[in-house]
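Visitor: run28.txt is reproduced below (compact mmCIF, C-alpha atoms).
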# COMPACT_ATOMS: atom_id res chain seq x y z
CA MET N 10 207.63 271.17 54.70
CA THR N 11 210.68 271.70 56.87
CA THR N 12 211.84 274.94 58.35
CA THR N 13 215.23 275.70 59.80
CA THR N 14 215.99 277.73 62.88
CA GLU N 15 217.48 280.41 60.65
CA GLN N 16 214.29 280.60 58.58
CA LEU N 17 212.06 280.85 61.66
CA SER N 18 214.11 283.68 63.08
CA THR N 19 213.38 285.82 60.03
CA THR N 20 209.68 285.01 59.63
CA THR N 21 206.83 287.03 61.12
CA LEU N 22 204.43 285.78 63.76
CA LEU N 23 200.65 285.64 63.30
CA ARG N 24 198.36 285.07 66.25
CA PHE N 25 194.93 283.92 65.12
CA ALA N 26 191.80 282.44 66.68
CA THR N 27 189.16 280.16 65.25
CA ALA N 28 185.48 280.34 66.11
CA GLY N 29 182.39 278.60 64.84
CA SER N 30 179.09 277.12 65.90
CA VAL N 31 178.76 273.55 67.08
CA ASP N 32 179.38 271.00 64.29
CA ASP N 33 180.54 273.64 61.82
CA GLY N 34 183.76 271.63 61.42
CA LYS N 35 186.11 274.01 63.20
CA SER N 36 188.27 271.33 64.82
CA THR N 37 188.39 269.48 61.51
CA LEU N 38 189.60 272.66 59.78
CA VAL N 39 192.34 273.15 62.37
CA GLY N 40 193.31 269.50 62.11
CA ARG N 41 193.40 269.71 58.30
CA LEU N 42 195.50 272.86 58.51
CA LEU N 43 198.01 271.18 60.79
CA HIS N 44 198.02 267.93 58.81
CA ASP N 45 198.33 269.35 55.32
CA SER N 46 200.96 271.89 56.35
CA LYS N 47 203.08 268.99 57.71
CA SER N 48 202.83 270.35 61.26
CA VAL N 49 201.77 267.10 62.93
CA LEU N 50 204.23 264.71 64.51
CA GLU N 51 204.12 261.13 63.24
CA ASP N 52 203.16 259.64 66.61
CA GLN N 53 200.30 262.15 66.92
CA LEU N 54 198.95 261.13 63.53
CA GLU N 55 199.28 257.45 64.39
CA ALA N 56 197.29 257.98 67.58
CA VAL N 57 194.54 259.76 65.66
CA GLU N 58 194.43 257.00 63.06
CA ARG N 59 194.21 254.35 65.78
CA VAL N 60 191.33 256.05 67.59
CA SER N 61 189.53 256.67 64.29
CA GLN N 62 189.83 252.99 63.36
CA ASP N 63 188.48 251.96 66.76
CA ARG N 64 185.43 254.09 66.05
CA GLY N 65 184.92 252.40 62.70
CA GLN N 66 185.91 255.44 60.64
CA ASP N 67 187.57 254.86 57.28
CA ALA N 68 189.70 258.01 57.36
CA PRO N 69 191.54 259.71 60.25
CA ASP N 70 189.31 262.11 62.22
CA LEU N 71 191.52 265.20 62.07
CA ALA N 72 189.40 266.94 64.71
CA LEU N 73 191.10 264.69 67.27
CA LEU N 74 194.32 266.63 66.70
CA THR N 75 192.85 269.61 68.54
CA ASP N 76 190.14 268.25 70.83
CA GLY N 77 192.55 267.16 73.55
CA LEU N 78 190.28 266.95 76.61
CA ARG N 79 188.61 263.61 77.23
CA ALA N 80 185.19 265.27 77.46
CA GLU N 81 185.84 266.98 74.14
CA ARG N 82 186.66 263.69 72.41
CA GLU N 83 183.68 261.89 73.94
CA GLN N 84 181.15 264.59 73.09
CA GLY N 85 182.70 265.61 69.78
CA ILE N 86 182.79 269.28 70.81
CA THR N 87 185.41 271.86 71.77
CA ILE N 88 185.12 273.02 75.39
CA ASP N 89 188.26 274.93 76.30
CA VAL N 90 190.70 277.13 74.41
CA ALA N 91 193.51 275.05 72.91
CA TYR N 92 196.69 276.74 71.72
CA ARG N 93 198.64 275.23 68.85
CA TYR N 94 202.04 276.34 67.59
CA PHE N 95 203.15 275.62 64.04
CA ALA N 96 205.18 277.20 61.27
CA THR N 97 205.71 277.24 57.54
CA ALA N 98 208.64 278.63 55.60
CA ARG N 99 206.82 281.96 55.32
CA ARG N 100 205.43 282.56 58.80
CA ARG N 101 205.09 281.30 62.38
CA PHE N 102 201.65 280.83 63.92
CA ILE N 103 200.03 280.73 67.34
CA LEU N 104 196.52 279.33 66.95
CA ALA N 105 193.83 279.68 69.62
CA ASP N 106 191.13 277.08 68.93
CA THR N 107 188.05 278.38 70.76
CA PRO N 108 184.70 276.68 71.53
CA GLY N 109 181.52 277.23 69.55
CA HIS N 110 178.92 276.60 72.26
CA VAL N 111 176.98 279.63 73.50
CA GLN N 112 177.97 278.89 77.11
CA TYR N 113 181.65 279.10 76.14
CA THR N 114 181.51 282.56 74.57
CA ARG N 115 183.81 283.74 77.36
CA ASN N 116 186.43 281.24 76.15
CA MET N 117 186.37 282.87 72.72
CA VAL N 118 187.00 286.23 74.36
CA THR N 119 190.09 284.75 76.00
CA GLY N 120 191.40 283.25 72.76
CA ALA N 121 190.69 286.27 70.57
CA SER N 122 191.93 288.93 72.99
CA THR N 123 195.49 288.80 71.59
CA ALA N 124 194.64 287.68 68.05
CA ASP N 125 195.63 289.53 64.89
CA LEU N 126 193.08 287.55 62.89
CA ALA N 127 189.92 285.54 63.56
CA VAL N 128 188.65 282.68 61.41
CA VAL N 129 184.86 282.42 61.73
CA LEU N 130 183.41 279.17 60.37
CA VAL N 131 179.94 278.86 58.88
CA ASP N 132 178.21 275.65 57.78
CA ALA N 133 177.27 276.20 54.13
CA ARG N 134 173.97 274.38 54.73
CA ASN N 135 172.94 276.64 57.63
CA GLY N 136 174.34 280.01 56.64
CA VAL N 137 174.79 282.89 59.07
CA ILE N 138 173.14 282.00 62.37
CA GLU N 139 172.92 283.63 65.80
CA GLN N 140 176.22 282.23 67.01
CA THR N 141 177.94 283.47 63.85
CA ARG N 142 176.77 286.98 64.63
CA ARG N 143 177.97 286.57 68.21
CA HIS N 144 181.46 285.62 67.05
CA ALA N 145 181.59 288.53 64.63
CA ALA N 146 180.54 290.89 67.42
CA VAL N 147 183.17 289.55 69.83
CA ALA N 148 185.84 289.98 67.14
CA ALA N 149 184.67 293.56 66.60
CA LEU N 150 184.61 294.32 70.33
CA LEU N 151 188.14 292.99 70.73
CA ARG N 152 189.31 295.04 67.73
CA VAL N 153 190.65 292.02 65.84
CA PRO N 154 191.98 293.70 62.67
CA HIS N 155 191.36 290.82 60.21
CA VAL N 156 188.42 288.42 59.98
CA VAL N 157 188.22 285.40 57.67
CA LEU N 158 184.81 283.94 56.90
CA ALA N 159 185.38 280.25 56.13
CA VAL N 160 182.24 278.82 54.53
CA ASN N 161 182.71 275.15 55.32
CA LYS N 162 181.12 271.93 54.04
CA MET N 163 180.85 273.24 50.49
CA ASP N 164 180.96 269.60 49.36
CA LEU N 165 177.53 269.10 50.96
CA VAL N 166 175.97 271.85 48.83
CA ASP N 167 177.57 270.62 45.58
CA TYR N 168 180.17 273.42 45.69
CA ARG N 169 177.58 275.93 44.45
CA GLU N 170 178.87 279.48 44.06
CA SER N 171 175.41 280.97 44.74
CA VAL N 172 175.33 279.43 48.25
CA PHE N 173 178.75 280.86 49.08
CA ALA N 174 177.96 284.29 47.63
CA LYS N 175 174.75 284.64 49.66
CA ILE N 176 176.45 283.74 52.95
CA ALA N 177 179.46 285.96 52.25
CA GLU N 178 177.22 288.93 51.42
CA GLU N 179 175.11 288.54 54.59
CA PHE N 180 178.10 288.11 56.91
CA THR N 181 180.07 290.96 55.35
CA ALA N 182 177.13 293.35 55.74
CA TYR N 183 176.72 292.46 59.42
CA ALA N 184 180.42 292.54 60.27
CA SER N 185 180.90 295.84 58.44
CA GLU N 186 178.10 297.36 60.51
CA LEU N 187 180.05 296.35 63.61
CA GLY N 188 183.14 298.10 62.28
CA VAL N 189 185.26 295.07 61.39
CA PRO N 190 187.96 296.64 59.19
CA GLU N 191 188.76 293.72 56.87
CA ILE N 192 186.74 290.64 55.93
CA THR N 193 187.92 287.85 53.60
CA ALA N 194 185.49 285.09 52.60
CA ILE N 195 186.84 281.68 51.52
CA PRO N 196 184.76 278.64 50.45
CA ILE N 197 186.21 275.43 51.91
CA SER N 198 185.63 271.79 52.73
CA ALA N 199 187.72 270.99 55.77
CA LEU N 200 186.90 267.29 55.55
CA ALA N 201 187.97 266.99 51.91
CA GLY N 202 190.74 269.60 52.13
CA ASP N 203 189.30 271.99 49.55
CA ASN N 204 190.91 275.46 49.77
CA VAL N 205 192.44 274.82 53.19
CA VAL N 206 196.05 274.29 52.19
CA GLU N 207 195.66 273.23 48.57
CA PRO N 208 193.36 274.93 46.02
CA SER N 209 190.11 273.11 45.31
CA ALA N 210 189.54 271.31 42.03
CA HIS N 211 185.78 271.58 42.55
CA MET N 212 185.42 275.38 42.77
CA ASP N 213 187.00 276.84 39.66
CA TRP N 214 184.71 279.85 40.10
CA TYR N 215 186.74 280.90 43.16
CA GLY N 216 189.97 282.72 42.40
CA GLY N 217 191.03 283.82 45.86
CA PRO N 218 193.62 282.41 48.27
CA THR N 219 193.41 279.23 50.30
CA VAL N 220 193.10 279.56 54.07
CA LEU N 221 196.80 278.88 54.63
CA GLU N 222 197.86 281.19 51.81
CA HIS N 223 195.85 284.01 53.33
CA LEU N 224 197.26 283.31 56.78
CA GLU N 225 200.78 283.41 55.35
CA THR N 226 200.32 286.66 53.46
CA VAL N 227 197.88 288.81 55.45
CA PRO N 228 199.64 291.99 56.62
CA VAL N 229 200.45 291.79 60.32
CA SER N 230 201.11 295.01 62.16
CA HIS N 231 203.11 294.41 65.31
CA ASP N 232 204.36 297.98 65.15
CA LEU N 233 203.58 298.90 68.73
CA THR N 234 206.17 301.63 68.34
CA ALA N 235 203.65 303.75 66.44
CA CYS N 236 201.62 304.19 69.64
CA PRO N 237 202.55 306.55 72.48
CA ALA N 238 205.06 304.99 74.88
CA ARG N 239 203.66 303.22 77.93
CA PHE N 240 205.92 301.54 80.50
CA PRO N 241 204.13 299.82 83.41
CA VAL N 242 206.58 299.32 86.26
CA GLN N 243 206.76 295.70 87.34
CA TYR N 244 209.63 295.72 89.80
CA VAL N 245 211.95 298.23 91.47
CA ILE N 246 215.61 297.19 91.41
CA ARG N 247 217.83 298.51 94.22
CA PRO N 248 220.86 296.22 94.71
CA GLN N 249 222.46 298.47 97.38
CA THR N 250 225.75 296.64 96.93
CA ALA N 251 229.29 297.96 97.04
CA GLU N 252 229.40 297.76 93.25
CA HIS N 253 226.03 299.51 92.78
CA PRO N 254 225.43 301.55 95.94
CA ASP N 255 223.06 304.10 94.39
CA TYR N 256 221.48 302.09 91.55
CA ARG N 257 217.71 302.52 91.26
CA GLY N 258 216.04 301.00 88.24
CA TYR N 259 212.45 300.32 87.25
CA ALA N 260 211.99 297.02 85.45
CA GLY N 261 209.13 295.96 83.21
CA GLN N 262 207.98 295.36 79.66
CA ILE N 263 207.31 298.29 77.35
CA ALA N 264 203.61 297.97 76.48
CA SER N 265 203.78 300.31 73.48
CA GLY N 266 205.87 303.01 71.84
CA VAL N 267 209.55 303.93 72.13
CA LEU N 268 211.58 305.15 75.11
CA ARG N 269 214.73 307.25 74.63
CA VAL N 270 217.49 308.36 76.96
CA GLY N 271 217.11 312.08 77.67
CA GLU N 272 213.34 312.05 77.15
CA ALA N 273 211.10 313.91 79.59
CA VAL N 274 208.67 311.52 81.24
CA THR N 275 205.76 311.64 83.67
CA VAL N 276 205.12 309.04 86.35
CA LEU N 277 201.46 308.20 86.83
CA PRO N 278 199.27 308.40 88.80
CA SER N 279 201.42 310.78 90.92
CA GLY N 280 202.11 313.14 88.01
CA ARG N 281 205.75 313.66 89.02
CA THR N 282 208.13 314.38 86.14
CA SER N 283 211.73 313.48 85.41
CA THR N 284 214.08 312.57 82.57
CA ILE N 285 215.24 309.14 81.43
CA GLU N 286 218.87 308.93 82.49
CA GLY N 287 219.55 305.41 81.24
CA ILE N 288 217.97 302.26 79.81
CA ASP N 289 219.39 298.80 80.52
CA ALA N 290 218.46 295.92 78.23
CA LEU N 291 219.94 292.42 78.50
CA GLY N 292 222.61 293.68 80.86
CA GLU N 293 223.80 296.50 78.59
CA SER N 294 223.04 300.19 78.45
CA VAL N 295 221.14 301.34 75.36
CA ASP N 296 219.97 304.73 74.11
CA ILE N 297 216.60 303.55 72.83
CA ALA N 298 214.14 300.74 73.56
CA TRP N 299 210.78 299.83 72.09
CA ALA N 300 207.75 297.61 72.67
CA PRO N 301 207.60 294.78 73.57
CA GLN N 302 211.14 294.75 74.98
CA SER N 303 211.71 294.05 78.68
CA VAL N 304 214.06 296.70 80.07
CA THR N 305 215.12 298.57 83.19
CA VAL N 306 214.64 302.33 83.11
CA ARG N 307 216.71 304.71 85.24
CA LEU N 308 215.47 308.24 85.93
CA LYS N 309 217.45 311.38 86.68
CA ASP N 310 215.46 312.19 89.82
CA ASP N 311 214.67 310.09 92.87
CA ILE N 312 210.90 309.67 92.78
CA ASP N 313 208.70 307.42 94.87
CA ILE N 314 207.87 304.80 92.25
CA SER N 315 206.55 301.30 92.88
CA ARG N 316 204.98 298.37 91.05
CA GLY N 317 201.86 299.47 89.20
CA ASP N 318 203.04 302.98 88.36
CA LEU N 319 203.16 303.94 84.69
CA ILE N 320 206.00 305.85 83.05
CA ALA N 321 205.08 307.73 79.86
CA PRO N 322 206.53 310.58 77.79
CA SER N 323 205.32 313.88 79.22
CA ALA N 324 204.20 315.03 75.78
CA SER N 325 201.78 312.09 75.36
CA ALA N 326 200.98 311.00 78.91
CA PRO N 327 197.45 309.59 79.37
CA ALA N 328 194.96 311.26 81.67
CA THR N 329 194.18 309.55 84.95
CA THR N 330 190.70 308.74 86.13
CA GLN N 331 188.84 307.02 88.94
CA ASP N 332 185.66 306.58 86.89
CA VAL N 333 186.15 303.79 84.35
CA VAL N 334 183.48 303.50 81.65
CA ALA N 335 183.92 300.32 79.65
CA THR N 336 182.46 297.36 77.85
CA VAL N 337 182.98 294.06 79.67
CA CYS N 338 182.47 290.40 78.91
CA HIS N 339 181.43 288.60 82.08
CA VAL N 340 183.37 285.36 82.39
CA ALA N 341 182.53 284.07 85.89
CA ASP N 342 179.66 281.83 86.89
CA GLN N 343 178.68 284.22 89.69
CA PRO N 344 176.80 287.38 88.57
CA LEU N 345 178.31 290.86 88.54
CA ALA N 346 175.82 293.22 90.20
CA VAL N 347 175.62 296.95 90.81
CA GLY N 348 177.33 297.72 94.10
CA ALA N 349 179.75 294.80 93.85
CA ARG N 350 183.17 295.41 95.41
CA VAL N 351 185.91 294.18 93.11
CA LEU N 352 189.59 294.49 92.30
CA LEU N 353 190.52 296.10 89.00
CA LYS N 354 193.78 294.91 87.45
CA HIS N 355 195.24 297.18 84.77
CA THR N 356 198.72 296.28 83.46
CA THR N 357 200.77 295.78 86.65
CA ARG N 358 198.47 297.83 88.88
CA THR N 359 195.66 296.35 90.98
CA VAL N 360 193.26 298.67 92.86
CA LYS N 361 190.05 298.34 94.84
CA ALA N 362 186.90 299.35 93.01
CA ILE N 363 183.12 299.26 93.14
CA VAL N 364 180.64 298.71 90.31
CA LYS N 365 178.60 301.91 90.37
CA GLU N 366 176.38 301.26 87.36
CA ILE N 367 175.55 298.73 84.67
CA PRO N 368 173.87 300.96 82.07
CA SER N 369 173.08 298.25 79.53
CA ARG N 370 173.46 294.69 78.37
CA LEU N 371 173.97 293.88 74.71
CA THR N 372 172.03 291.47 72.55
CA LEU N 373 173.95 290.49 69.46
CA ASP N 374 171.19 289.43 67.10
CA ASP N 375 170.15 293.03 66.41
CA LEU N 376 172.81 294.98 68.41
CA SER N 377 170.14 296.39 70.71
CA GLN N 378 170.77 297.43 74.32
CA HIS N 379 168.82 296.10 77.28
CA PRO N 380 168.81 299.10 79.62
CA ALA N 381 169.72 298.86 83.33
CA PRO N 382 169.82 295.05 83.64
CA GLY N 383 171.05 295.31 87.24
CA GLN N 384 173.57 292.53 86.80
CA LEU N 385 175.58 290.59 84.24
CA VAL N 386 175.82 286.79 84.21
CA ALA N 387 178.23 284.41 82.52
CA ASN N 388 178.85 285.28 78.84
CA ASP N 389 176.94 288.58 79.06
CA ILE N 390 178.47 291.59 77.31
CA GLY N 391 177.52 294.95 78.74
CA ARG N 392 178.52 298.47 79.63
CA VAL N 393 179.71 299.21 83.16
CA VAL N 394 180.81 302.21 85.21
CA VAL N 395 183.42 301.36 87.83
CA ARG N 396 184.72 303.73 90.51
CA THR N 397 188.28 302.96 91.62
CA ALA N 398 189.87 303.78 94.96
CA GLU N 399 192.97 305.16 93.23
CA PRO N 400 193.51 306.92 89.89
CA LEU N 401 194.34 304.79 86.84
CA ALA N 402 196.15 305.78 83.64
CA LEU N 403 193.94 304.01 81.11
CA ASP N 404 193.99 304.47 77.37
CA ALA N 405 190.91 303.87 75.27
CA TYR N 406 190.84 300.28 74.03
CA VAL N 407 190.40 301.52 70.47
CA ASP N 408 193.79 303.24 70.79
CA SER N 409 195.64 300.47 72.64
CA ARG N 410 194.51 296.89 73.19
CA ARG N 411 197.19 296.48 75.86
CA THR N 412 196.76 299.57 78.02
CA GLY N 413 193.04 299.91 77.31
CA SER N 414 192.13 296.50 78.73
CA PHE N 415 191.66 295.38 82.31
CA LEU N 416 190.26 292.60 84.50
CA LEU N 417 187.67 292.71 87.27
CA ILE N 418 188.58 290.25 90.03
CA ASP N 419 186.72 288.88 93.05
CA PRO N 420 188.70 290.12 96.08
CA ALA N 421 187.54 287.14 98.15
CA ASP N 422 189.06 284.31 96.11
CA GLY N 423 190.87 285.91 93.17
CA THR N 424 188.39 284.67 90.56
CA THR N 425 188.37 286.66 87.32
CA LEU N 426 184.90 288.15 86.96
CA ALA N 427 185.05 290.12 83.73
CA ALA N 428 187.37 291.21 80.95
CA GLY N 429 187.03 294.91 80.24
CA MET N 430 187.71 297.26 77.33
CA ALA N 431 187.89 300.92 78.34
CA GLY N 432 186.15 303.67 76.43
CA GLU N 433 183.66 303.55 73.61
CA SER N 434 182.90 300.53 71.46
CA PHE N 435 180.43 299.59 68.76
CA ALA N 436 178.04 298.81 71.63
CA SER N 437 177.66 302.52 72.32
CA GLN N 438 176.15 303.03 68.89
CA ALA N 439 173.78 300.08 69.19
CA LYS N 440 170.05 300.62 69.35
CA THR N 441 168.27 300.83 72.70
CA ALA N 442 165.71 298.11 73.21
CA VAL N 443 162.14 299.44 73.29
CA GLN N 444 161.17 296.90 75.91
CA ALA N 445 163.11 294.53 78.16
CA ASP N 446 162.01 291.21 76.69
CA GLU N 447 164.09 288.54 78.33
CA GLU N 448 163.20 286.07 75.59
CA GLY N 449 165.00 288.29 73.14
CA TRP N 450 168.36 288.00 74.86
CA ASP N 451 170.79 285.54 73.38
CA PHE N 452 173.06 284.90 76.36
Represent the structure of the file as structure tokens.

Guide:
Amino acid sequence: MTTTTEQLSTTTLLRFATAGSVDDGKSTLVGRLLHDSKSVLEDQLEAVERVSQDRGQDAPDLALLTDGLRAEREQGITIDVAYRYFATARRRFILADTPGHVQYTRNMVTGASTADLAVVLVDARNGVIEQTRRHAAVAALLRVPHVVLAVNKMDLVDYRESVFAKIAEEFTAYASELGVPEITAIPISALAGDNVVEPSAHMDWYGGPTVLEHLETVPVSHDLTACPARFPVQYVIRPQTAEHPDYRGYAGQIASGVLRVGEAVTVLPSGRTSTIEGIDALGESVDIAWAPQSVTVRLKDDIDISRGDLIAPSASAPATTQDVVATVCHVADQPLAVGARVLLKHTTRTVKAIVKEIPSRLTLDDLSQHPAPGQLVANDIGRVVVRTAEPLALDAYVDSRRTGSFLLIDPADGTTLAAGMAGESFASQAKTAVQADEEGWDF
């Protein structure tokens, strides 16, 4: 299938992530999707065919199209997040292929953090397992609006409808409890190509879409303009030239909402107010700008504004706080302990902070909370209370994935310690563990 530049410019973009347990066939599904949608270059396919033949395989191993690292190819597993870009006549796609191993849960968080949709694979022979529940929980935590349950290897269970129905019912019940808003279950065989791009001839009992058809037609809401306007200042522009002696502009990318000339705005965290005097976009003055445009905003009053400040309409400005309560996924090898001194990066602002409390750590098999664990280690998900040295204008993550998220960073070497989501999450409704049984924790 060929697409022209003109067609691509009018199609929508879908960001989606794949997740699945080890040997569920996730890389094969991605490879099949790329191959059958004619999104693979000829030399890439020839290389895959050559390696497959050297291994004694009769057919090309499509998983090799995505497992690019040498260690991934040798072990037959996915280790790191791999991004793939492809397009059909109906839509453009950015695919984040994430690992299935427990120790790489943090990689899934990275891949799914910007996704509009998550494809969770399940082996039809094994059904919903612990790692499946983990992936569903991560998707729920990250507020991914659409989840596809791809029940793979249906050819190995004789394409039985009863097997698919049981798995779909169990997964849907669990994901719904987590608050996942939309779940679509599709029976597939990635190896044989059933219901990936083309409808299966072996499952006439299934009348739903193929994986690609669903990806092409699922509603995608990139309407960041519906949210209150948030403009993190990235750079202050003051040419001080003969042509522009008094020009003072604040450059950055609009995180959400719409900015209008003449609108009353508040600068945070100072709380000073002014009015938008002008907006410059692509070298021209405009009356209105919206997310995610990169613009320069000029204000009527001279206010002390620098990188990291947030400009927002006065009528919907967020409250500032120095006590951040959030859910975090710990991504570093070194533990995060109570009392740790960290840097907190929120949009373009980075401030010093200290971890005051770690109230709980989450186990995903039954959504119970392990109270006061004292520290979080790699791949742990838990609640934290962080005290910052300066006020921050955070939104709740449920209201804005962009201005409700942040990073905790090691001030010594710049290592990212944890990815945070401000405010409440499904974790706050989870049950409290009766006893702290370490054997019951799945991280």

Visitor: List as CSV every residue of stretch 307-387 of chain N that is in contact with stretch 282-298 of chain N, defined as an atom at most 7 Å from one of its atoms (using all atoms listed in the file), together with the nearest atom pair and the distance in Å rounded to one decimal, sorted by chain and then rising number.

Guide:
residue,atom,partner,partner_atom,distance
N:Arg307,CA,N:Gly287,CA,5.0
N:Leu308,CA,N:Ile285,CA,4.6
N:Lys309,CA,N:Glu286,CA,5.1
N:Asp310,CA,N:Ser283,CA,5.9

Visitor: Suppose we keep C-alpha atoms; can you now write the selection as a PDB file, in the frame of the given file?

Guide:
ATOM      1  CA  ARG N 307     216.710 304.710  85.240  1.00  0.00           C
ATOM      2  CA  LEU N 308     215.470 308.240  85.930  1.00  0.00           C
ATOM      3  CA  LYS N 309     217.450 311.380  86.680  1.00  0.00           C
ATOM      4  CA  ASP N 310     215.460 312.190  89.820  1.00  0.00           C
TER       5      ASP N 310
END

Visitor: Which distance in Å separates atom CA of N:Thr123 and atom CA of N:Ile390, to one decimal?

Guide: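 Those two atoms sit 18.2 Å apart.
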
Visitor: Please identify all polymer residues within 10 Å of N:Pro368, counting only C-alpha atoms, omitting same-chain residues fewer than 3 positions from it, and present them as a PyMOL selection string.

Guide: chain N and resi 334+347+365+378-384+391-394

Visitor: Using all atoms listed in the file, which of the listed residues (N:Thr359, N:Ser36, N:Ser171, N:Thr336) sits closest to N:Met430?

Guide: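 Among N:Thr359, N:Ser36, N:Ser171, N:Thr336, it is N:Thr336 that comes nearest to N:Met430.
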
Visitor: Can you measure atom CA of N:Arg169 to atom CA of N:Gln140 for me? One decimal in Å is fine.

Guide: 23.5 Å

Visitor: Give one line per residue of stretch 287-339 of chain N that approaches stretch 414-428 of chain N to at most 9 Å, naming the two atoms of the closest pair and their distance in Å to one decimal, counting only C-alpha atoms; sort by chain then ascending residue number and deliver it as CSV.

Guide:
residue,atom,partner,partner_atom,distance
N:Thr336,CA,N:Ala428,CA,8.5
N:Val337,CA,N:Ala428,CA,5.4
N:Cys338,CA,N:Ala428,CA,5.4
N:His339,CA,N:Ala427,CA,4.3

Visitor: Which distance in Å separates atom CA of N:Tyr259 and atom CA of N:Gly271, to one decimal?

Guide: 15.9 Å

Visitor: Might you pull out every residue within 8 Å of stretch 150-156 of chain N, with all atoms listed in the file counted and same-chain residues fewer than 6 positions away left off, and present them as a PDB file with C-alpha atoms, in the coordinates of the input?

Guide:
ATOM      1  CA  VAL N 118     187.000 286.230  74.360  1.00  0.00           C
ATOM      2  CA  ALA N 121     190.690 286.270  70.570  1.00  0.00           C
ATOM      3  CA  SER N 122     191.930 288.930  72.990  1.00  0.00           C
ATOM      4  CA  ALA N 124     194.640 287.680  68.050  1.00  0.00           C
ATOM      5  CA  ASP N 125     195.630 289.530  64.890  1.00  0.00           C
ATOM      6  CA  LEU N 126     193.080 287.550  62.890  1.00  0.00           C
ATOM      7  CA  ALA N 127     189.920 285.540  63.560  1.00  0.00           C
ATOM      8  CA  VAL N 128     188.650 282.680  61.410  1.00  0.00           C
ATOM      9  CA  VAL N 129     184.860 282.420  61.730  1.00  0.00           C
ATOM     10  CA  VAL N 189     185.260 295.070  61.390  1.00  0.00           C
ATOM     11  CA  PRO N 190     187.960 296.640  59.190  1.00  0.00           C
ATOM     12  CA  GLU N 191     188.760 293.720  56.870  1.00  0.00           C
ATOM     13  CA  ILE N 192     186.740 290.640  55.930  1.00  0.00           C
ATOM     14  CA  THR N 193     187.920 287.850  53.600  1.00  0.00           C
ATOM     15  CA  VAL N 407     190.400 301.520  70.470  1.00  0.00           C
ATOM     16  CA  ARG N 410     194.510 296.890  73.190  1.00  0.00           C
ATOM     17  CA  MET N 430     187.710 297.260  77.330  1.00  0.00           C
ATOM     18  CA  SER N 434     182.900 300.530  71.460  1.00  0.00           C
ATOM     19  CA  PHE N 435     180.430 299.590  68.760  1.00  0.00           C
TER      20      PHE N 435
END
